[in-house]
>>> print(open('coords02.txt').read())   # compact mmCIF, C-alpha atoms
# COMPACT_ATOMS: atom_id res chain seq x y z
CA MET A 1 -8.72 -30.70 -16.03
CA ARG A 2 -9.91 -31.50 -19.52
CA ARG A 3 -13.59 -30.78 -19.84
CA PHE A 4 -15.58 -31.85 -22.89
CA TRP A 5 -19.23 -31.14 -23.56
CA VAL A 6 -21.20 -34.34 -23.85
CA ALA A 7 -23.19 -35.04 -26.98
CA SER A 8 -26.35 -32.99 -27.36
CA GLY A 9 -29.59 -34.55 -26.28
CA VAL A 10 -28.28 -36.39 -23.23
CA GLY A 11 -29.83 -34.03 -20.73
CA VAL A 12 -27.14 -31.55 -19.76
CA GLY A 13 -29.81 -29.00 -18.94
CA LEU A 14 -30.08 -30.06 -15.33
CA CYS A 15 -31.19 -27.38 -12.94
CA LEU A 16 -28.05 -26.31 -11.11
CA SER A 17 -29.62 -23.55 -9.00
CA PHE A 18 -31.05 -25.91 -6.36
CA LEU A 19 -29.31 -26.41 -3.04
CA GLY A 20 -26.48 -28.94 -3.05
CA LEU A 21 -28.49 -31.76 -1.51
CA LEU A 22 -31.21 -31.51 -4.12
CA VAL A 23 -28.63 -31.39 -6.88
CA ILE A 24 -27.06 -34.59 -5.56
CA GLY A 25 -30.37 -36.36 -5.80
CA THR A 26 -31.01 -35.01 -9.27
CA TYR A 27 -27.62 -36.08 -10.62
CA SER A 28 -27.74 -39.47 -8.95
CA ALA A 29 -31.20 -40.21 -10.23
CA ALA A 30 -30.24 -39.10 -13.72
CA ALA A 31 -27.21 -41.34 -13.59
CA GLY A 32 -29.15 -44.31 -12.29
CA LEU A 33 -26.38 -44.74 -9.74
CA VAL A 34 -28.11 -43.86 -6.49
CA GLY A 35 -26.41 -45.33 -3.45
CA PRO A 36 -22.94 -45.33 -1.95
CA SER A 37 -19.87 -46.42 -3.87
CA ARG A 38 -17.93 -49.50 -2.88
CA SER A 39 -16.40 -48.92 0.50
CA VAL A 40 -12.89 -47.53 0.13
CA GLY A 41 -11.15 -45.78 3.01
CA LEU A 42 -8.48 -43.12 2.69
CA ALA A 43 -4.88 -43.77 3.67
CA LYS A 44 -3.62 -41.94 6.73
CA GLY A 45 -2.94 -38.29 5.98
CA ALA A 46 -3.11 -38.80 2.21
CA VAL A 47 -5.68 -36.01 1.93
CA PRO A 48 -5.09 -32.78 3.90
CA MET A 49 -7.34 -32.77 6.97
CA GLN A 50 -9.28 -29.69 5.87
CA PHE A 51 -10.46 -31.56 2.77
CA ARG A 52 -10.70 -35.11 4.09
CA GLY A 53 -14.32 -34.88 5.24
CA LEU A 54 -15.43 -33.46 1.90
CA VAL A 55 -13.59 -36.17 -0.03
CA GLU A 56 -15.00 -38.95 2.15
CA ARG A 57 -18.57 -37.64 1.88
CA TRP A 58 -18.66 -36.75 -1.78
CA GLY A 59 -16.44 -39.60 -2.85
CA ASN A 60 -19.35 -41.89 -2.00
CA LEU A 61 -21.82 -40.04 -4.22
CA CYS A 62 -22.26 -42.86 -6.75
CA THR A 63 -20.97 -46.35 -7.44
CA ALA A 64 -18.48 -45.27 -10.12
CA VAL A 65 -16.59 -43.06 -7.65
CA ASN A 66 -14.94 -43.69 -4.30
CA PRO A 67 -13.02 -41.38 -1.93
CA ALA A 68 -9.58 -42.60 -3.05
CA LEU A 69 -10.45 -42.06 -6.72
CA LEU A 70 -11.77 -38.55 -6.04
CA ALA A 71 -8.64 -37.77 -4.00
CA ALA A 72 -6.45 -39.00 -6.86
CA GLN A 73 -8.23 -36.70 -9.31
CA LEU A 74 -7.88 -33.66 -7.05
CA TYR A 75 -4.22 -34.42 -6.38
CA GLN A 76 -3.47 -34.91 -10.08
CA GLU A 77 -5.33 -31.75 -11.03
CA SER A 78 -4.09 -29.30 -8.40
CA GLY A 79 -2.03 -30.98 -5.68
CA PHE A 80 -4.92 -30.04 -3.33
CA ASN A 81 -4.27 -26.34 -3.95
CA PRO A 82 -7.57 -24.38 -3.78
CA ARG A 83 -5.93 -21.38 -5.48
CA ALA A 84 -4.41 -23.32 -8.39
CA ARG A 85 -4.67 -21.67 -11.79
CA SER A 86 -3.40 -23.48 -14.88
CA PRO A 87 -1.79 -21.77 -17.91
CA VAL A 88 -4.91 -22.58 -19.96
CA GLY A 89 -7.27 -21.04 -17.42
CA ALA A 90 -8.44 -23.99 -15.28
CA LEU A 91 -9.29 -22.82 -11.78
CA GLY A 92 -9.26 -24.06 -8.20
CA ILE A 93 -8.71 -27.38 -6.47
CA GLY A 94 -10.79 -29.16 -9.14
CA GLN A 95 -9.23 -27.23 -12.06
CA PHE A 96 -12.53 -26.40 -13.75
CA MET A 97 -12.50 -24.40 -16.93
CA PRO A 98 -14.85 -21.38 -16.53
CA GLU A 99 -17.40 -22.62 -19.07
CA THR A 100 -17.46 -26.07 -17.51
CA TRP A 101 -17.96 -24.54 -14.08
CA LYS A 102 -20.94 -22.54 -15.35
CA GLY A 103 -22.63 -25.72 -16.48
CA HIS A 104 -21.53 -28.21 -13.83
CA GLY A 105 -20.51 -26.34 -10.68
CA ILE A 106 -22.84 -26.86 -7.74
CA ASP A 107 -23.46 -25.16 -4.40
CA GLY A 108 -21.99 -27.97 -2.35
CA ASP A 109 -22.23 -26.25 1.03
CA GLY A 110 -25.69 -24.75 0.44
CA ASP A 111 -24.63 -21.18 1.18
CA GLY A 112 -26.34 -19.75 -1.89
CA ASP A 113 -23.38 -19.40 -4.26
CA ARG A 114 -21.19 -21.56 -6.49
CA ASP A 115 -17.57 -20.54 -5.94
CA VAL A 116 -14.92 -22.35 -7.98
CA TRP A 117 -12.27 -21.21 -5.47
CA ASP A 118 -14.13 -22.71 -2.50
CA PRO A 119 -13.32 -26.40 -1.93
CA ALA A 120 -16.71 -26.81 -0.25
CA ASP A 121 -18.21 -26.18 -3.70
CA ALA A 122 -15.43 -27.40 -6.00
CA ILE A 123 -14.94 -30.85 -4.43
CA PRO A 124 -18.66 -31.67 -4.51
CA SER A 125 -18.78 -30.37 -8.07
CA ALA A 126 -15.95 -32.66 -9.14
CA ALA A 127 -17.74 -35.65 -7.64
CA SER A 128 -21.13 -34.77 -9.09
CA TYR A 129 -19.59 -34.22 -12.52
CA ASP A 130 -17.97 -37.65 -12.31
CA CYS A 131 -21.32 -39.21 -11.43
CA GLU A 132 -23.09 -37.31 -14.19
CA LEU A 133 -20.61 -38.68 -16.72
CA ALA A 134 -20.99 -42.17 -15.25
CA GLY A 135 -24.70 -41.90 -15.90
CA TYR A 136 -24.19 -41.03 -19.54
CA VAL A 137 -22.00 -44.09 -20.14
CA LYS A 138 -23.69 -46.52 -17.75
CA LYS A 139 -24.84 -48.83 -20.57
CA VAL A 140 -21.37 -49.08 -22.10
CA PRO A 141 -19.68 -52.48 -21.53
CA GLY A 142 -16.72 -52.74 -19.22
CA ASP A 143 -15.72 -51.24 -15.90
CA PRO A 144 -17.97 -48.26 -15.05
CA THR A 145 -15.21 -46.36 -13.27
CA ARG A 146 -12.78 -46.67 -16.18
CA ASN A 147 -15.54 -45.63 -18.59
CA MET A 148 -16.36 -42.65 -16.40
CA LEU A 149 -12.71 -41.55 -16.33
CA ALA A 150 -12.51 -41.93 -20.10
CA ALA A 151 -15.64 -39.80 -20.49
CA TYR A 152 -14.09 -37.23 -18.16
CA ASN A 153 -11.10 -36.95 -20.49
CA ALA A 154 -12.47 -37.63 -23.97
CA GLY A 155 -16.20 -37.01 -23.60
CA ALA A 156 -19.11 -39.40 -23.14
CA TYR A 157 -19.78 -39.62 -26.87
CA ALA A 158 -16.34 -41.11 -27.56
CA VAL A 159 -16.84 -43.76 -24.86
CA ILE A 160 -20.25 -44.68 -26.28
CA LYS A 161 -18.91 -44.71 -29.83
CA TYR A 162 -16.04 -47.10 -29.03
CA GLY A 163 -17.94 -49.20 -26.51
CA GLY A 164 -15.48 -48.42 -23.71
CA VAL A 165 -12.23 -46.51 -23.22
CA PRO A 166 -11.51 -45.02 -26.66
CA PRO A 167 -8.20 -45.76 -28.45
CA TYR A 168 -6.74 -42.34 -27.70
CA ARG A 169 -3.30 -42.44 -26.10
CA GLU A 170 -4.03 -39.44 -23.90
CA THR A 171 -7.31 -40.90 -22.65
CA GLN A 172 -5.86 -44.35 -22.01
CA ASN A 173 -2.99 -42.79 -20.10
CA TYR A 174 -5.37 -40.63 -18.06
CA VAL A 175 -7.41 -43.69 -17.03
CA LYS A 176 -4.21 -45.57 -16.11
CA VAL A 177 -2.79 -42.66 -14.12
CA ILE A 178 -5.90 -41.99 -12.03
CA THR A 179 -6.59 -45.66 -11.28
CA ALA A 180 -2.94 -46.15 -10.25
CA LEU A 181 -2.96 -43.02 -8.10
CA ALA A 182 -6.20 -44.10 -6.43
CA LYS A 183 -4.37 -47.13 -4.99
CA SER A 184 -1.94 -44.83 -3.20
CA PHE A 185 -4.77 -42.82 -1.64
CA ALA A 186 -6.71 -45.89 -0.49
CA ALA A 187 -6.21 -47.44 2.93
CA PRO A 188 -4.95 -51.00 2.42
CA VAL A 189 -7.50 -53.69 3.26
CA GLY A 190 -4.85 -56.41 3.77
CA ARG A 191 -1.12 -56.90 3.71
CA VAL A 192 0.65 -54.92 1.00
CA ALA A 193 2.54 -56.96 -1.60
CA PRO A 194 6.34 -56.91 -1.22
CA SER A 195 8.39 -54.67 -3.49
CA GLN A 196 10.37 -56.41 -6.20
CA GLN A 197 12.92 -53.61 -6.41
CA ALA A 198 13.63 -53.13 -2.70
CA ALA A 199 16.91 -55.01 -2.34
CA ALA A 200 18.63 -53.23 -5.23
CA ALA A 201 17.44 -49.82 -4.04
CA ILE A 202 18.84 -50.52 -0.57
CA ASN A 203 22.12 -51.73 -2.04
CA TYR A 204 22.53 -48.44 -3.91
CA ALA A 205 21.78 -46.35 -0.82
CA GLN A 206 24.29 -48.37 1.22
CA THR A 207 27.05 -47.43 -1.22
CA LYS A 208 26.40 -43.78 -0.32
CA LEU A 209 26.84 -44.18 3.44
CA GLY A 210 29.18 -41.49 4.78
CA THR A 211 28.51 -39.07 1.92
CA PRO A 212 27.97 -35.49 3.20
CA TYR A 213 24.42 -34.11 2.95
CA LEU A 214 23.65 -31.37 0.43
CA TRP A 215 20.30 -29.58 0.43
CA GLY A 216 18.91 -29.91 -3.09
CA GLY A 217 21.51 -32.55 -3.89
CA GLU A 218 20.80 -35.12 -6.58
CA GLY A 219 24.17 -36.86 -6.62
CA THR A 220 25.48 -35.17 -9.78
CA PRO A 221 29.21 -34.84 -10.47
CA GLU A 222 28.87 -31.06 -10.04
CA GLN A 223 27.52 -31.77 -6.52
CA ASN A 224 30.32 -34.25 -5.77
CA GLY A 225 27.79 -37.06 -5.55
CA ARG A 226 25.98 -35.50 -2.59
CA PHE A 227 22.26 -35.81 -1.83
CA ASP A 228 19.43 -34.50 0.25
CA CYS A 229 16.80 -36.91 1.58
CA SER A 230 14.47 -37.14 -1.40
CA GLY A 231 17.37 -36.92 -3.84
CA LEU A 232 18.82 -40.08 -2.28
CA THR A 233 15.58 -42.08 -2.40
CA GLN A 234 14.94 -40.91 -5.95
CA ALA A 235 18.41 -42.02 -7.05
CA ALA A 236 18.10 -45.37 -5.26
CA TYR A 237 14.91 -46.28 -7.04
CA ARG A 238 16.12 -44.88 -10.34
CA THR A 239 18.76 -47.63 -10.38
CA VAL A 240 15.95 -50.21 -10.60
CA GLY A 241 13.99 -48.39 -13.30
CA VAL A 242 11.51 -46.59 -11.05
CA GLU A 243 11.38 -42.81 -11.46
CA LEU A 244 10.15 -41.15 -8.28
CA PRO A 245 9.19 -37.48 -8.09
CA ARG A 246 11.84 -35.13 -6.74
CA VAL A 247 9.77 -33.88 -3.81
CA ALA A 248 9.34 -36.06 -0.72
CA ASN A 249 5.67 -35.32 -0.13
CA ASP A 250 4.94 -36.43 -3.69
CA GLN A 251 7.01 -39.59 -3.20
CA TYR A 252 4.51 -40.55 -0.49
CA ASN A 253 1.95 -41.26 -3.22
CA ALA A 254 4.16 -43.71 -5.17
CA GLY A 255 2.33 -46.79 -3.92
CA PRO A 256 0.22 -48.28 -1.11
CA HIS A 257 0.90 -47.58 2.55
CA PRO A 258 1.86 -50.43 4.88
CA SER A 259 1.32 -49.95 8.61
CA ARG A 260 4.25 -49.63 11.01
CA ASP A 261 4.08 -53.32 11.92
CA GLN A 262 4.06 -54.34 8.25
CA LEU A 263 7.20 -52.45 7.19
CA MET A 264 9.63 -54.27 4.94
CA PRO A 265 13.13 -53.31 3.73
CA GLY A 266 12.87 -50.98 0.75
CA ASP A 267 9.77 -49.13 1.96
CA LEU A 268 10.03 -45.37 1.99
CA VAL A 269 9.43 -43.91 5.45
CA PHE A 270 8.23 -40.34 5.93
CA PHE A 271 8.28 -37.65 8.59
CA SER A 272 5.93 -34.69 8.72
CA ASP A 273 5.36 -31.41 10.54
CA ASP A 274 1.63 -32.29 10.55
CA LEU A 275 0.78 -35.92 11.28
CA ALA A 276 -2.60 -35.49 9.58
CA ASP A 277 -1.30 -34.09 6.29
CA SER A 278 1.07 -35.71 3.80
CA ARG A 279 1.61 -32.33 2.14
CA ALA A 280 3.54 -31.30 5.27
CA ILE A 281 6.10 -34.11 4.91
CA HIS A 282 9.62 -32.75 5.34
CA HIS A 283 11.81 -35.86 5.30
CA VAL A 284 12.05 -39.33 3.73
CA GLY A 285 14.33 -42.31 4.25
CA LEU A 286 14.71 -45.87 2.96
CA TYR A 287 13.72 -48.52 5.50
CA VAL A 288 16.25 -51.32 6.01
CA GLY A 289 14.62 -53.28 8.84
CA GLY A 290 14.89 -53.46 12.61
CA GLY A 291 13.42 -49.99 13.05
CA TYR A 292 16.21 -48.31 11.05
CA MET A 293 16.47 -46.41 7.77
CA ILE A 294 19.21 -45.11 5.51
CA ASN A 295 18.75 -41.38 5.05
CA ALA A 296 20.41 -38.10 4.23
CA PRO A 297 19.43 -36.22 7.40
CA TYR A 298 20.43 -32.55 7.31
CA THR A 299 23.19 -30.06 6.55
CA GLY A 300 26.36 -30.96 8.41
CA ALA A 301 25.50 -34.67 8.65
CA VAL A 302 26.34 -37.59 6.38
CA ILE A 303 24.16 -40.30 4.85
CA ARG A 304 23.72 -42.79 7.66
CA PHE A 305 21.44 -45.20 9.51
CA ASP A 306 18.85 -43.65 11.84
CA LYS A 307 15.94 -44.93 13.88
CA ILE A 308 12.52 -44.25 12.37
CA ASP A 309 10.51 -44.15 15.60
CA THR A 310 10.50 -40.42 16.25
CA PRO A 311 7.63 -38.08 17.18
CA ASP A 312 7.32 -36.83 13.59
CA TYR A 313 7.12 -40.32 11.99
CA PHE A 314 4.25 -40.08 9.53
CA GLY A 315 3.98 -43.35 7.64
CA ALA A 316 5.40 -45.44 4.83
CA THR A 317 5.00 -46.22 1.13
CA ARG A 318 5.74 -49.46 -0.69
CA VAL A 319 6.85 -48.15 -4.06
CA THR A 320 5.33 -49.61 -7.21
CA LYS A 321 6.38 -48.83 -10.75
CA ASP A 322 2.81 -48.00 -11.82
CA GLY A 323 2.32 -45.80 -8.77
CA ALA A 324 5.53 -43.87 -9.40
CA GLU A 325 4.78 -43.42 -13.10
CA ALA A 326 1.38 -41.92 -12.28
CA LEU A 327 2.80 -39.10 -10.18
CA PRO A 328 3.43 -35.54 -11.30
CA HIS A 329 7.11 -34.63 -11.21
CA ARG A 330 7.77 -31.25 -9.65
CA LYS A 331 11.18 -29.66 -9.40
CA GLY A 332 12.80 -28.79 -6.11
CA SER A 333 13.33 -30.33 -2.68
CA SER A 334 10.98 -30.66 0.26
CA ASP A 335 13.82 -31.09 2.76
CA THR A 336 14.06 -28.64 5.59
CA PRO A 337 17.24 -26.71 4.75
>>> encode(input="coords02.txt", output="structure tokens")
Amino acid sequence: MRRFWVASGVGVGLCLSFLGLLVIGTYSAAAGLVGPSRSVGLAKGAVPMQFRGLVERWGNLCTAVNPALLAAQLYQESGFNPRARSPVGALGIGQFMPETWKGHGIDGDGDGDRDVWDPADAIPSAASYDCELAGYVKKVPGDPTRNMLAAYNAGAYAVIKYGGVPPYRETQNYVKVITALAKSFAAPVGRVAPSQQAAAAINYAQTKLGTPYLWGGEGTPEQNGRFDCSGLTQAAYRTVGVELPRVANDQYNAGPHPSRDQLMPGDLVFFSDDLADSRAIHHVGLYVGGGYMINAPYTGAVIRFDKIDTPDYFGATRVTKDGAEALPHRKGSSDTP
């Protein structure tokens, strides 16, 4: 998390020792953004259940923020890991730098302390900091959410100076990444647009039918062209210019999430050990229609067609190029060996 001090004289000396509810009112009033954000629901299981309530509540703190946007920030910062610690010293699920936490951390659960390692404090603090920044740039032309994200990355002064998202490559990329990720955390409000790359991705996967499974396999010559589940889906979409993350539970966030009755060929379909948590996904396949997928199932099996309607069926993702590009790329495999 990149934290910049706002320009002096804009009122950063807010009293942060009040209980969380009072702090919410103070920040919201200062921002001039009192009232709920536009209604945006969270996609099924996109946020781990233990954090979902916090994200839904605090993601509606002001109009520049919504639950999907807050979820996207937390995922990008820490992968929802409350114990995350970055090489530069950012801490917790919200990846606050210590000095930033001192000035902007709040007691979100009202228990009398402000603990950067406690999601009940860190998630509310991330939302209130967003809303505070939105207040500083509320008179700047353009979309208030994009301006808030730019202020989050480059500082409010830069947004005011340039009259919107400043011409910094890093800042423009940050705004693009978070807004794209937010779409994958939001529950669709209508039918999801078809994928333009689906047919070619399926065609590639079909050429691999009968290939023996290899845990950790990415189809390299050294691996004799063998794959595990997420290696196969990654390779299939790579042939159409879409670079998915290596890990299946990260691939889930590569686009919006059609319901079971809206599945189309080319959608990624996922299976999880916890049907309320996408971080527990252990398997992914490529939907081909008729209730079937192409997948690399497990050691001892070959790439094949399988039915998707099993007790551990979790949900689906319709991959988009922007969604895939926004994702962090972690090494390794999430397959069950």
>>> closest_residue(input="coords02.txt", among="A:Thr171, A:Ser230, A:Asn60, A:Ser272", to="Ala248 of chain A", atoms="only C-alpha atoms")
A:Ser230
>>> residues_near_point(input="coords02.txt", point="(-21.2, -28.7, -7.5)", cutoff="7 Å", atoms="only C-alpha atoms", output="VMD selection string")
chain A and resid 20 104 to 108 121 to 122 124 to 126 128
>>> residues_around(input="coords02.txt", residues="Lys183 of chain A", least_positions_apart="4", cutoff="7 Å", atoms="only C-alpha atoms", output="PyMOL selection string")
chain A and resi 179+255-256
>>> atom_distance(input="coords02.txt", atom1="atom CA of Asp312 of chain A", atom2="atom CA of Ala326 of chain A")
27.0 Å
>>> residues_around(input="coords02.txt", residues="Lys139 of chain A", least_positions_apart="6", cutoff="10 Å", atoms="all atoms listed in the file", output="PyMOL selection string")
chain A and resi 160+163-164
>>> write_last_selection(input="coords02.txt", atoms="C-alpha atoms", output="PDB file, in the frame of the given file")
ATOM      1  CA  ILE A 160     -20.250 -44.680 -26.280  1.00  0.00           C
ATOM      2  CA  GLY A 163     -17.940 -49.200 -26.510  1.00  0.00           C
ATOM      3  CA  GLY A 164     -15.480 -48.420 -23.710  1.00  0.00           C
TER       4      GLY A 164
END
>>> closest_residue(input="coords02.txt", among="A:Thr63, A:Glu222, A:Phe185, A:Gly79", to="Met148 of chain A", atoms="all atoms listed in the file")
A:Thr63
>>> atom_distance(input="coords02.txt", atom1="atom CA of Tyr136 of chain A", atom2="atom CA of Ala64 of chain A")
11.8 Å
>>> residues_near_point(input="coords02.txt", point="(9.3, -40.6, 7.5)", cutoff="10 Å", atoms="only C-alpha atoms", output="VMD selection string")
chain A and resid 248 to 249 252 268 to 272 281 to 287 293 295 308 to 310 312 to 317
>>> residues_around(input="coords02.txt", residues="segment 86-98 of chain A", least_positions_apart="3", cutoff="10 Å", atoms="all atoms listed in the file", output="JSON, numbers by chain")
{"A": [1, 2, 3, 70, 73, 74, 75, 76, 77, 78, 79, 80, 81, 82, 83, 101, 102, 103, 104, 105, 115, 116, 117, 118, 119, 121, 122, 123, 124, 125, 126, 127]}
>>> residues_around(input="coords02.txt", residues="segment 187-200 of chain A", least_positions_apart="6", cutoff="8 Å", atoms="only C-alpha atoms", output="list in words")
Val40, Gly41, Leu42, Ala43, Lys44, Ala236, Tyr237, Thr239, Val240, Pro256, His257, Pro258, Gln262, Met264, Pro265, Gly266, Asp267, Arg318, Val319 and Thr320 of chain A
>>> axis_aligned_box(input="coords02.txt", around="segment 204-207 of chain A", padding_each_side="8 Å", output="JSON")
{"center_x": 24.4, "center_y": -47.4, "center_z": -1.3, "size_x": 21.3, "size_y": 18.1, "size_z": 21.1}
>>> residues_around(input="coords02.txt", residues="Asp277 of chain A", least_positions_apart="4", cutoff="8 Å", atoms="all atoms listed in the file", output="mmCIF file with C-alpha atoms, in the coordinates of the input")
data_model
loop_
_atom_site.group_PDB
_atom_site.id
_atom_site.type_symbol
_atom_site.label_atom_id
_atom_site.label_comp_id
_atom_site.auth_asym_id
_atom_site.auth_seq_id
_atom_site.Cartn_x
_atom_site.Cartn_y
_atom_site.Cartn_z
ATOM 1 C CA GLY A 45 -2.940 -38.290 5.980
ATOM 2 C CA ALA A 46 -3.110 -38.800 2.210
ATOM 3 C CA VAL A 47 -5.680 -36.010 1.930
ATOM 4 C CA PRO A 48 -5.090 -32.780 3.900
ATOM 5 C CA MET A 49 -7.340 -32.770 6.970
ATOM 6 C CA SER A 272 5.930 -34.690 8.720
ATOM 7 C CA ILE A 281 6.100 -34.110 4.910
#
>>> atom_distance(input="coords02.txt", atom1="atom CA of Asn224 of chain A", atom2="atom CA of Tyr204 of chain A")
16.3 Å
>>> closest_residue(input="coords02.txt", among="A:Gln234, A:Val288, A:Leu214, A:Leu263", to="Ile303 of chain A", atoms="all atoms listed in the file")
A:Leu214
>>> decode(input="coords02.txt", residues="segment 94-112 of chain A", atoms="N, CA, C and O atoms", output="PDB file, in the first residue's frame")
ATOM      1  N   GLY A  94      -4.625  -4.624   5.296  1.00  0.00           N
ATOM      2  CA  GLY A  94      -4.694  -3.373   4.551  1.00  0.00           C
ATOM      3  C   GLY A  94      -3.343  -2.834   4.136  1.00  0.00           C
ATOM      4  O   GLY A  94      -3.275  -1.794   3.472  1.00  0.00           O
ATOM      5  N   GLN A  95      -2.253  -3.510   4.543  1.00  0.00           N
ATOM      6  CA  GLN A  95      -0.889  -3.118   4.183  1.00  0.00           C
ATOM      7  C   GLN A  95      -0.624  -1.639   4.466  1.00  0.00           C
ATOM      8  O   GLN A  95      -0.191  -0.873   3.597  1.00  0.00           O
ATOM      9  N   PHE A  96      -0.854  -1.246   5.713  1.00  0.00           N
ATOM     10  CA  PHE A  96      -0.551   0.109   6.159  1.00  0.00           C
ATOM     11  C   PHE A  96       0.918   0.215   6.545  1.00  0.00           C
ATOM     12  O   PHE A  96       1.441  -0.654   7.262  1.00  0.00           O
ATOM     13  N   MET A  97       1.553   1.278   6.103  1.00  0.00           N
ATOM     14  CA  MET A  97       2.860   1.611   6.644  1.00  0.00           C
ATOM     15  C   MET A  97       2.666   2.112   8.077  1.00  0.00           C
ATOM     16  O   MET A  97       1.635   2.733   8.382  1.00  0.00           O
ATOM     17  N   PRO A  98       3.620   1.853   8.989  1.00  0.00           N
ATOM     18  CA  PRO A  98       3.432   2.223  10.394  1.00  0.00           C
ATOM     19  C   PRO A  98       3.074   3.686  10.606  1.00  0.00           C
ATOM     20  O   PRO A  98       2.184   4.000  11.416  1.00  0.00           O
ATOM     21  N   GLU A  99       3.729   4.602   9.904  1.00  0.00           N
ATOM     22  CA  GLU A  99       3.428   6.019  10.107  1.00  0.00           C
ATOM     23  C   GLU A  99       2.027   6.366   9.617  1.00  0.00           C
ATOM     24  O   GLU A  99       1.333   7.195  10.211  1.00  0.00           O
ATOM     25  N   THR A 100       1.614   5.742   8.536  1.00  0.00           N
ATOM     26  CA  THR A 100       0.262   5.978   8.026  1.00  0.00           C
ATOM     27  C   THR A 100      -0.765   5.441   9.012  1.00  0.00           C
ATOM     28  O   THR A 100      -1.798   6.069   9.257  1.00  0.00           O
ATOM     29  N   TRP A 101      -0.480   4.277   9.580  1.00  0.00           N
ATOM     30  CA  TRP A 101      -1.400   3.709  10.559  1.00  0.00           C
ATOM     31  C   TRP A 101      -1.555   4.633  11.768  1.00  0.00           C
ATOM     32  O   TRP A 101      -2.668   4.809  12.283  1.00  0.00           O
ATOM     33  N   LYS A 102      -0.466   5.219  12.210  1.00  0.00           N
ATOM     34  CA  LYS A 102      -0.539   6.132  13.365  1.00  0.00           C
ATOM     35  C   LYS A 102      -1.502   7.281  13.100  1.00  0.00           C
ATOM     36  O   LYS A 102      -2.232   7.720  13.990  1.00  0.00           O
ATOM     37  N   GLY A 103      -1.504   7.774  11.869  1.00  0.00           N
ATOM     38  CA  GLY A 103      -2.327   8.922  11.562  1.00  0.00           C
ATOM     39  C   GLY A 103      -3.725   8.598  11.086  1.00  0.00           C
ATOM     40  O   GLY A 103      -4.627   9.432  11.195  1.00  0.00           O
ATOM     41  N   HIS A 104      -3.935   7.370  10.557  1.00  0.00           N
ATOM     42  CA  HIS A 104      -5.206   7.083   9.896  1.00  0.00           C
ATOM     43  C   HIS A 104      -5.873   5.800  10.356  1.00  0.00           C
ATOM     44  O   HIS A 104      -6.994   5.510   9.930  1.00  0.00           O
ATOM     45  N   GLY A 105      -5.224   5.022  11.216  1.00  0.00           N
ATOM     46  CA  GLY A 105      -5.868   3.824  11.738  1.00  0.00           C
ATOM     47  C   GLY A 105      -6.962   4.196  12.719  1.00  0.00           C
ATOM     48  O   GLY A 105      -6.822   5.145  13.497  1.00  0.00           O
ATOM     49  N   ILE A 106      -8.063   3.468  12.684  1.00  0.00           N
ATOM     50  CA  ILE A 106      -9.166   3.731  13.608  1.00  0.00           C
ATOM     51  C   ILE A 106      -9.521   2.470  14.385  1.00  0.00           C
ATOM     52  O   ILE A 106      -9.168   1.350  13.991  1.00  0.00           O
ATOM     53  N   ASP A 107     -10.225   2.658  15.476  1.00  0.00           N
ATOM     54  CA  ASP A 107     -10.711   1.562  16.311  1.00  0.00           C
ATOM     55  C   ASP A 107     -12.061   1.111  15.755  1.00  0.00           C
ATOM     56  O   ASP A 107     -13.119   1.496  16.238  1.00  0.00           O
ATOM     57  N   GLY A 108     -12.004   0.294  14.718  1.00  0.00           N
ATOM     58  CA  GLY A 108     -13.221  -0.057  14.000  1.00  0.00           C
ATOM     59  C   GLY A 108     -14.205  -0.870  14.808  1.00  0.00           C
ATOM     60  O   GLY A 108     -15.414  -0.776  14.578  1.00  0.00           O
ATOM     61  N   ASP A 109     -13.732  -1.688  15.741  1.00  0.00           N
ATOM     62  CA  ASP A 109     -14.637  -2.531  16.517  1.00  0.00           C
ATOM     63  C   ASP A 109     -14.948  -1.951  17.887  1.00  0.00           C
ATOM     64  O   ASP A 109     -15.653  -2.571  18.692  1.00  0.00           O
ATOM     65  N   GLY A 110     -14.413  -0.756  18.189  1.00  0.00           N
ATOM     66  CA  GLY A 110     -14.738  -0.072  19.437  1.00  0.00           C
ATOM     67  C   GLY A 110     -14.263  -0.776  20.685  1.00  0.00           C
ATOM     68  O   GLY A 110     -14.864  -0.617  21.760  1.00  0.00           O
ATOM     69  N   ASP A 111     -13.162  -1.547  20.587  1.00  0.00           N
ATOM     70  CA  ASP A 111     -12.686  -2.259  21.770  1.00  0.00           C
ATOM     71  C   ASP A 111     -11.597  -1.518  22.516  1.00  0.00           C
ATOM     72  O   ASP A 111     -10.974  -2.050  23.437  1.00  0.00           O
ATOM     73  N   GLY A 112     -11.330  -0.270  22.105  1.00  0.00           N
ATOM     74  CA  GLY A 112     -10.395   0.564  22.847  1.00  0.00           C
ATOM     75  C   GLY A 112      -8.980   0.566  22.322  1.00  0.00           C
ATOM     76  O   GLY A 112      -8.123   1.248  22.894  1.00  0.00           O
TER      77      GLY A 112
END
